[in-house]
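Undergrad: Input data_29.txt, format and content: compact mmCIF, C-alpha atoms.
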```txt
# COMPACT_ATOMS: atom_id res chain seq x y z
CA MET W 1 132.27 126.41 122.00
CA LYS W 2 132.64 123.29 119.85
CA LYS W 3 134.69 121.64 122.59
CA LYS W 4 132.00 122.33 125.19
CA PHE W 5 129.32 120.94 122.87
CA SER W 6 131.29 117.75 122.18
CA GLU W 7 131.93 117.26 125.89
CA LYS W 8 128.23 117.71 126.66
CA LEU W 9 127.34 115.25 123.89
CA LYS W 10 129.74 112.63 125.24
CA LEU W 11 128.41 113.14 128.76
CA TRP W 12 124.82 112.81 127.52
CA LEU W 13 125.63 109.64 125.60
CA ARG W 14 127.27 108.12 128.66
CA SER W 15 124.64 109.19 131.20
CA ASP W 16 121.32 109.20 129.33
CA LEU W 17 121.66 106.55 126.66
CA ARG W 18 123.84 103.96 128.35
CA PRO W 19 120.92 102.45 130.30
CA HIS W 20 119.16 101.91 126.96
CA TYR W 21 122.07 100.22 125.18
CA PRO W 22 120.84 96.71 126.12
CA SER W 23 117.38 97.49 124.69
CA VAL W 24 118.92 98.76 121.48
CA MET W 25 120.96 95.56 121.20
CA VAL W 26 117.97 93.32 121.96
CA VAL W 27 115.70 94.90 119.35
CA GLY W 28 118.03 96.77 117.01
CA LEU W 29 120.53 94.04 116.13
CA PRO W 30 117.87 91.44 115.23
CA ALA W 31 116.07 94.02 113.08
CA VAL W 32 119.32 94.89 111.29
CA TYR W 33 120.01 91.17 110.81
CA GLY W 34 116.59 90.80 109.19
CA LEU W 35 117.16 93.85 106.99
CA ILE W 36 120.58 92.66 105.82
CA SER W 37 119.14 89.21 105.11
CA HIS W 38 116.30 90.73 103.09
CA LEU W 39 118.75 92.78 101.02
CA ALA W 40 121.04 89.78 100.57
CA PHE W 41 118.26 87.49 99.38
CA SER W 42 116.49 90.06 97.20
CA ASP W 43 119.44 91.91 95.64
CA TRP W 44 122.99 90.98 96.59
CA LEU W 45 123.47 87.23 96.52
CA TRP W 46 120.87 86.02 94.04
CA ASN W 47 120.66 89.01 91.68
CA ASP W 48 116.94 89.79 91.99
CA ASP W 49 115.99 86.11 91.65
CA LEU W 50 112.45 86.06 93.04
CA PHE W 51 112.78 82.37 93.85
CA ALA W 52 115.54 83.19 96.38
CA ILE W 53 113.43 85.42 98.60
CA LEU W 54 110.48 83.06 98.11
CA THR W 55 112.35 80.19 99.74
CA CYS W 56 111.52 78.40 102.96
CA SER W 57 115.11 79.15 103.98
CA PHE W 58 114.45 82.88 104.02
CA LEU W 59 110.80 82.93 105.04
CA PHE W 60 111.19 80.49 107.95
CA LEU W 61 114.86 80.48 109.00
CA MET W 62 115.48 84.23 108.90
CA PRO W 63 112.81 85.08 111.54
CA PHE W 64 113.98 82.04 113.53
CA GLY W 65 117.43 83.66 113.69
CA LEU W 66 115.88 87.03 114.47
CA GLY W 67 114.14 85.55 117.52
CA ALA W 68 117.28 83.72 118.69
CA LEU W 69 119.31 86.93 118.41
CA THR W 70 116.71 88.82 120.47
CA VAL W 71 116.97 86.40 123.40
CA HIS W 72 120.76 86.11 123.11
CA PHE W 73 121.24 89.81 123.87
CA ALA W 74 118.61 89.99 126.62
CA ASN W 75 119.71 90.52 130.21
CA LYS W 76 120.21 87.43 132.38
CA GLU W 77 116.85 87.74 134.08
CA ASN W 78 114.92 87.92 130.80
CA GLN W 79 116.97 85.12 129.27
CA LEU W 80 115.38 82.75 131.78
CA SER W 81 111.81 83.89 131.06
CA VAL W 82 109.74 81.72 128.71
CA SER W 83 107.16 84.46 128.10
CA TYR W 84 109.97 86.88 127.20
CA ALA W 85 111.42 84.35 124.74
CA ILE W 86 108.02 84.03 123.06
CA MET W 87 106.87 87.65 123.00
CA MET W 88 109.99 89.85 122.78
CA PRO W 89 110.96 88.58 119.30
CA TRP W 90 107.69 90.09 118.09
CA VAL W 91 109.02 93.53 118.99
CA SER W 92 112.13 92.85 116.93
CA CYS W 93 109.89 91.72 114.07
CA ALA W 94 107.91 94.95 114.35
CA VAL W 95 111.10 97.04 114.11
CA PHE W 96 112.29 94.95 111.15
CA VAL W 97 108.95 95.41 109.37
CA GLY W 98 109.08 99.12 110.18
CA LEU W 99 112.46 99.37 108.45
CA LEU W 100 111.08 97.58 105.38
CA VAL W 101 108.19 100.05 105.21
CA ILE W 102 110.37 103.14 105.77
CA LEU W 103 112.85 102.03 103.11
CA ALA W 104 110.02 100.97 100.76
CA LEU W 105 111.51 97.49 100.37
CA GLU W 106 108.21 95.61 100.68
CA ALA W 107 104.57 96.28 99.88
CA ALA W 108 102.11 96.30 102.77
CA ILE W 109 100.27 93.26 101.41
CA CYS W 110 103.51 91.22 101.33
CA ILE W 111 104.15 92.10 104.97
CA VAL W 112 100.61 91.04 105.90
CA LEU W 113 101.01 87.69 104.14
CA ALA W 114 104.36 86.99 105.81
CA SER W 115 103.41 88.20 109.30
CA PRO W 116 102.10 84.88 110.71
CA VAL W 117 105.32 83.11 109.74
CA LEU W 118 107.47 85.97 111.08
CA LEU W 119 105.75 85.89 114.46
CA VAL W 120 105.63 82.11 114.89
CA MET W 121 109.18 81.42 113.70
CA SER W 122 110.70 84.29 115.68
CA SER W 123 109.05 82.94 118.84
CA LEU W 124 110.40 79.45 118.08
CA GLY W 125 113.86 80.93 117.62
CA GLY W 126 113.52 82.73 120.93
CA LEU W 127 112.44 79.53 122.66
CA VAL W 128 115.36 77.54 121.23
CA MET W 129 117.86 80.16 122.40
CA TRP W 130 116.13 80.29 125.81
CA SER W 131 116.50 76.50 126.07
CA ILE W 132 120.18 76.64 125.12
CA LYS W 133 120.94 79.42 127.59
CA SER W 134 119.04 77.62 130.34
CA ARG W 135 120.63 74.20 129.87
CA ARG W 136 123.68 74.34 127.58
CA LYS W 137 125.38 77.69 128.00
CA GLY W 138 128.63 76.43 126.52
CA LEU W 139 126.94 75.93 123.16
CA GLN W 140 125.21 79.29 122.93
CA ASN W 141 127.75 81.15 120.76
CA PHE W 142 128.19 78.24 118.34
CA ALA W 143 124.43 77.70 118.20
CA LEU W 144 123.77 81.38 117.51
CA ILE W 145 126.28 81.49 114.65
CA PHE W 146 124.80 78.32 113.16
CA ILE W 147 121.24 79.65 113.43
CA LEU W 148 122.10 83.03 111.90
CA GLY W 149 123.98 81.40 109.03
CA SER W 150 121.42 78.67 108.31
CA PRO W 151 119.39 80.63 105.71
CA TYR W 152 122.55 81.23 103.69
CA MET W 153 123.70 77.62 104.03
CA VAL W 154 120.39 76.02 103.07
CA THR W 155 119.21 78.30 100.25
CA PRO W 156 121.82 77.23 97.62
CA PHE W 157 120.53 73.67 97.98
CA GLU W 158 116.87 74.61 98.18
CA VAL W 159 116.88 76.61 94.93
CA GLN W 160 118.13 73.51 93.10
CA VAL W 161 114.98 71.56 94.01
CA GLU W 162 112.14 71.81 91.50
CA THR W 163 108.90 73.30 92.76
CA ASN W 164 105.49 71.65 92.39
CA THR W 165 102.40 73.28 90.94
CA LYS W 166 99.26 73.40 93.07
CA THR W 167 95.89 74.11 91.45
CA THR W 168 93.03 75.37 93.61
CA ILE W 169 89.45 76.46 92.99
CA THR W 170 87.76 79.19 95.00
CA HIS W 171 83.95 79.20 95.15
CA THR W 172 81.81 82.03 96.49
CA GLN W 173 78.08 82.63 96.28
CA ILE W 174 75.50 85.25 97.16
CA HIS W 175 71.71 85.43 97.21
CA VAL W 176 70.26 88.07 94.88
CA ALA W 177 66.67 89.30 95.16
CA ALA W 178 66.32 89.57 91.39
CA ASP W 179 65.51 87.24 88.51
CA ALA W 180 68.08 85.48 86.34
CA ALA W 181 67.70 87.95 83.46
CA ALA W 182 68.52 90.94 85.66
CA VAL W 183 71.55 89.21 87.17
CA TRP W 184 72.77 88.08 83.74
CA GLU W 185 72.93 91.67 82.51
CA GLU W 186 75.12 92.61 85.47
CA ILE W 187 77.66 89.80 85.08
CA LYS W 188 78.24 89.70 81.33
CA THR W 189 79.52 93.27 81.37
CA VAL W 190 80.29 95.55 84.30
CA PRO W 191 80.08 99.32 83.69
CA ALA W 192 82.49 101.52 85.64
CA ILE W 193 82.03 101.11 89.38
CA SER W 194 81.38 104.43 91.10
CA GLU W 195 82.99 105.48 94.35
CA GLN W 196 79.60 105.24 96.06
CA GLU W 197 79.36 101.57 95.09
CA HIS W 198 82.71 100.73 96.64
CA SER W 199 82.93 99.72 100.30
CA TRP W 200 85.71 99.37 102.86
CA ASN W 201 87.81 96.26 102.45
CA PHE W 202 90.88 95.20 104.42
CA PHE W 203 92.87 93.82 101.49
CA HIS W 204 92.26 96.99 99.50
CA THR W 205 93.60 99.10 102.36
CA VAL W 206 96.88 97.16 102.33
CA GLY W 207 97.48 97.54 98.63
CA LEU W 208 95.33 95.22 96.53
CA PRO W 209 93.59 97.18 93.74
CA ARG W 210 89.81 97.53 93.57
CA PRO W 211 87.81 96.38 90.51
CA VAL W 212 86.98 99.18 88.06
CA SER W 213 85.00 97.72 85.13
CA ALA W 214 84.62 94.77 82.74
CA GLU W 215 83.76 95.47 79.10
CA LEU W 216 82.58 92.70 76.74
CA SER W 217 83.46 92.90 73.03
CA TYR W 218 80.46 90.80 71.89
CA ASP W 219 78.02 88.21 73.26
CA GLY W 220 78.79 84.52 72.95
CA ILE W 221 81.75 82.16 72.89
CA GLY W 222 84.93 83.87 71.73
CA GLY W 223 83.93 87.28 73.07
CA GLN W 224 86.51 89.10 75.20
CA ARG W 225 86.02 90.91 78.47
CA ASP W 226 88.63 93.43 79.55
CA ALA W 227 88.43 93.31 83.35
CA ARG W 228 90.15 96.41 84.72
CA PHE W 229 91.38 97.04 88.24
CA GLU W 230 93.08 100.00 89.85
CA ASP W 231 96.85 100.54 89.44
CA GLY W 232 96.69 99.47 85.79
CA LEU W 233 95.98 95.79 86.47
CA THR W 234 94.04 94.31 83.54
CA PHE W 235 92.80 90.81 82.76
CA VAL W 236 91.77 89.67 79.29
CA GLU W 237 88.92 87.18 79.72
CA THR W 238 87.98 85.06 76.69
CA ILE W 239 84.49 83.52 76.81
CA THR W 240 84.55 79.69 76.60
CA ALA W 241 80.96 78.89 77.71
CA TRP W 242 77.82 80.98 77.18
CA ASP W 243 74.43 79.73 78.40
CA GLU W 244 72.04 82.68 78.40
CA HIS W 245 70.77 83.52 81.90
CA GLN W 246 72.52 80.43 83.30
CA LYS W 247 76.29 80.26 82.95
CA ILE W 248 79.27 82.11 81.58
CA SER W 249 82.87 80.80 81.69
CA PHE W 250 86.10 82.42 80.54
CA THR W 251 89.84 81.95 80.49
CA ILE W 252 91.87 84.66 82.24
CA GLU W 253 95.14 86.22 81.17
CA ALA W 254 96.88 89.03 83.05
CA THR W 255 98.40 91.74 80.85
CA SER W 256 101.19 94.27 81.44
CA GLN W 257 102.03 92.68 84.79
CA GLU W 258 105.73 93.42 84.25
CA LEU W 259 104.92 97.13 84.54
CA LEU W 260 103.11 96.73 87.86
CA PRO W 261 104.65 97.03 91.33
CA ALA W 262 105.17 93.94 93.48
CA PRO W 263 103.26 91.84 94.35
CA LEU W 264 100.88 92.61 91.45
CA SER W 265 103.70 91.84 89.02
CA MET W 266 103.55 88.21 90.21
CA ILE W 267 100.05 87.72 88.77
CA GLY W 268 100.46 85.74 85.58
CA SER W 269 104.00 84.73 86.51
CA GLU W 270 105.49 81.31 87.25
CA GLN W 271 104.63 81.73 90.93
CA PHE W 272 100.93 82.63 90.67
CA ASP W 273 98.34 82.77 87.91
CA VAL W 274 94.56 82.86 87.61
CA LEU W 275 93.42 80.50 84.85
CA GLU W 276 89.63 80.43 84.58
CA GLY W 277 86.48 81.96 85.98
CA THR W 278 82.83 80.88 85.90
CA TYR W 279 79.54 82.53 86.87
CA VAL W 280 76.59 80.21 87.50
CA ILE W 281 73.06 81.52 88.08
CA GLU W 282 70.95 79.17 90.21
CA PRO W 283 67.21 80.04 89.98
CA LEU W 284 65.12 79.60 93.15
CA GLU W 285 61.42 78.83 93.48
CA ASP W 286 60.59 82.34 94.73
CA GLY W 287 61.95 83.94 91.55
CA THR W 288 65.24 85.06 93.07
CA VAL W 289 68.62 83.45 92.44
CA ASN W 290 71.82 82.28 94.05
CA LEU W 291 74.79 83.60 92.09
CA HIS W 292 77.95 81.46 92.17
CA LEU W 293 81.44 82.55 91.14
CA TYR W 294 84.28 80.04 90.67
CA SER W 295 87.93 80.80 89.92
CA GLU W 296 90.78 78.40 89.20
CA HIS W 297 94.32 79.48 90.01
CA ILE W 298 97.76 77.90 90.32
CA LEU W 299 100.63 78.32 92.75
CA ASN W 300 104.20 77.34 92.03
CA THR W 301 106.23 78.17 95.14
CA ARG W 302 108.22 76.29 97.78
CA PHE W 303 105.43 76.75 100.32
CA ASN W 304 102.30 76.06 98.28
CA GLU W 305 100.20 74.94 101.24
CA TYR W 306 100.83 78.16 103.15
CA GLY W 307 100.38 80.22 99.99
CA ALA W 308 97.12 78.44 99.15
CA VAL W 309 95.61 79.51 102.48
CA TRP W 310 96.24 83.18 101.70
CA THR W 311 95.36 82.82 98.01
CA ASN W 312 91.97 81.30 98.81
CA LEU W 313 91.34 83.94 101.46
CA ILE W 314 92.18 86.80 99.09
CA MET W 315 90.30 85.33 96.12
CA ASN W 316 87.28 84.60 98.30
CA ASP W 317 87.34 88.18 99.54
CA LEU W 318 87.71 89.61 96.02
CA GLN W 319 84.95 87.44 94.58
CA SER W 320 82.60 88.30 97.44
CA TYR W 321 83.33 91.99 96.82
CA ILE W 322 82.45 91.65 93.13
CA LEU W 323 79.31 89.60 93.86
CA GLN W 324 78.15 92.24 96.33
CA ILE W 325 78.33 94.89 93.61
CA VAL W 326 76.45 92.63 91.15
CA LYS W 327 73.79 91.97 93.80
CA MET W 328 73.36 95.68 94.55
CA ARG W 329 73.04 96.61 90.88
CA ALA W 330 70.69 93.76 89.96
CA GLU W 331 68.37 94.46 92.89
CA GLU W 332 68.34 98.19 92.12
CA SER W 333 67.46 97.46 88.48
CA VAL W 334 64.46 95.38 89.61
CA ILE W 335 63.27 98.16 91.92
CA MET W 336 63.57 100.74 89.14
CA LYS W 337 61.71 98.43 86.74
CA ASP W 338 58.88 97.97 89.23
CA GLU W 339 58.57 101.73 89.70
CA LEU W 340 58.12 102.37 85.97
```
Reformat the file's structure so that it appears as structure tokens.

TA:
Amino acid sequence: MKKKFSEKLKLWLRSDLRPHYPSVMVVGLPAVYGLISHLAFSDWLWNDDLFAILTCSFLFLMPFGLGALTVHFANKENQLSVSYAIMMPWVSCAVFVGLLVILALEAAICIVLASPVLLVMSSLGGLVMWSIKSRRKGLQNFALIFILGSPYMVTPFEVQVETNTKTTITHTQIHVAADAAAVWEEIKTVPAISEQEHSWNFFHTVGLPRPVSAELSYDGIGGQRDARFEDGLTFVETITAWDEHQKISFTIEATSQELLPAPLSMIGSEQFDVLEGTYVIEPLEDGTVNLHLYSEHILNTRFNEYGAVWTNLIMNDLQSYILQIVKMRAEESVIMKDEL
């Protein structure tokens, strides 16, 4: 019985799966290469050194190799197709990302932030290998080995180079149909936000925590606000400027970030920190106001310009979310006051 089963299994493997072997090679091997590289950079070679996986060598050269590997194992017809060289590496990237999710090696938000680089660099790698196979076939094996090994060859040198700090300020504003006094009450302290007050938000769906509350110890300079978010993320905000009904500024310090999962654990670290925040109430002639929110934050990575794009996008989204809640509460308080 066992012999018959083994013979049937061998026959099935030869007859049914053999036509799919090339597809498995084209997509599977690049995905495995990416997975091994991720493990090597995050655990094996650099002993959990966050700076290793946050290198240009890994972020840019690894997907480049993934794309080159995809085209290298394609059939001859596809190897000569430019569109295949551009698009097929994306499938390999999708399988690689799927493995990261299944094995819980990366948070969804990290995958979202890295996706543009993964897609662009994998396509470039595919195009380079397409060019080599079209014009210089004798170099293809050497070129592939060099490309696949480049992240490991470059990283030891890259980690020796000091990083630069980049400071950015994010500014958001919203119009509020309420007076300055009503808005002031909603920004100096924020009672617990109910589920009904929350709304759908993309960055929250991929793992960033929603705001919960902000409690102020006492009015005036020196007072502390404990700004709480979901997942245990807390910021201690110390008041540095207090102009009643006009302006409130505060320094920001993340607490207990070492207990949080990645990437939240990076907040307050060498790589990313939020330094200061400021609310400014701008009165308008019709009695309503424009409410401004500024935040100052720093980046200290090897790809600050790319990181700053995402940081500004996320901070802008978060600040707009908070301002929307302030607007809703302030306008409701005015309506309730008018009804009394």

Undergrad: Here is a test: counting all atoms listed in the file, which residue of W:Ala85, W:Ala254, W:Val112, W:Ile169 is nearest to Ser295 in chain W?

TA: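 Residue with the minimum atom-to-atom distance to Ser295 in chain W: W:Ile169.
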
Undergrad: Quick one: pull the distance between CA of Phe157 in chain W and CA of Leu61 in chain W, Å, one decimal.

TA: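 According to the coordinates, CA of Phe157 in chain W and CA of Leu61 in chain W are separated by 14.1 Å.
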
Undergrad: Residues within 10 Å of Ile145 in chain W, please, as a list in words. Count all atoms listed in the file; anything in the same chain fewer than 4 positions from it doesn't count.

TA: Gly65, Leu69, Gln140, Asn141, Gly149 and Ser150 of chain W

Undergrad: Quick one: pull the distance between CA of Glu158 in chain W and CA of Asn304 in chain W, Å, one decimal.

TA: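 These two atoms are separated by 14.6 Å.
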
Undergrad: CA of Ala94 in chain W and CA of Asp231 in chain W are how many Å apart?

TA: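 Interatomic distance here is 27.8 Å.
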
Undergrad: Using all atoms listed in the file, can you tell me which of W:Ser320, W:Thr255, W:Thr311, W:Gln79 comes closest to Thr168 in chain W?

TA: W:Thr311

Undergrad: Ranking W:Pro116, W:Gly277, W:Gly67, W:Gly126 by minimum distance to Val82 in chain W and counting only C-alpha atoms, which one comes first?

TA: W:Gly126

Undergrad: For Met153 in chain W, which of W:Thr234, W:Gln224, W:Ser213, W:Ser57 is the closest residue, counting all atoms listed in the file?

TA: W:Ser57
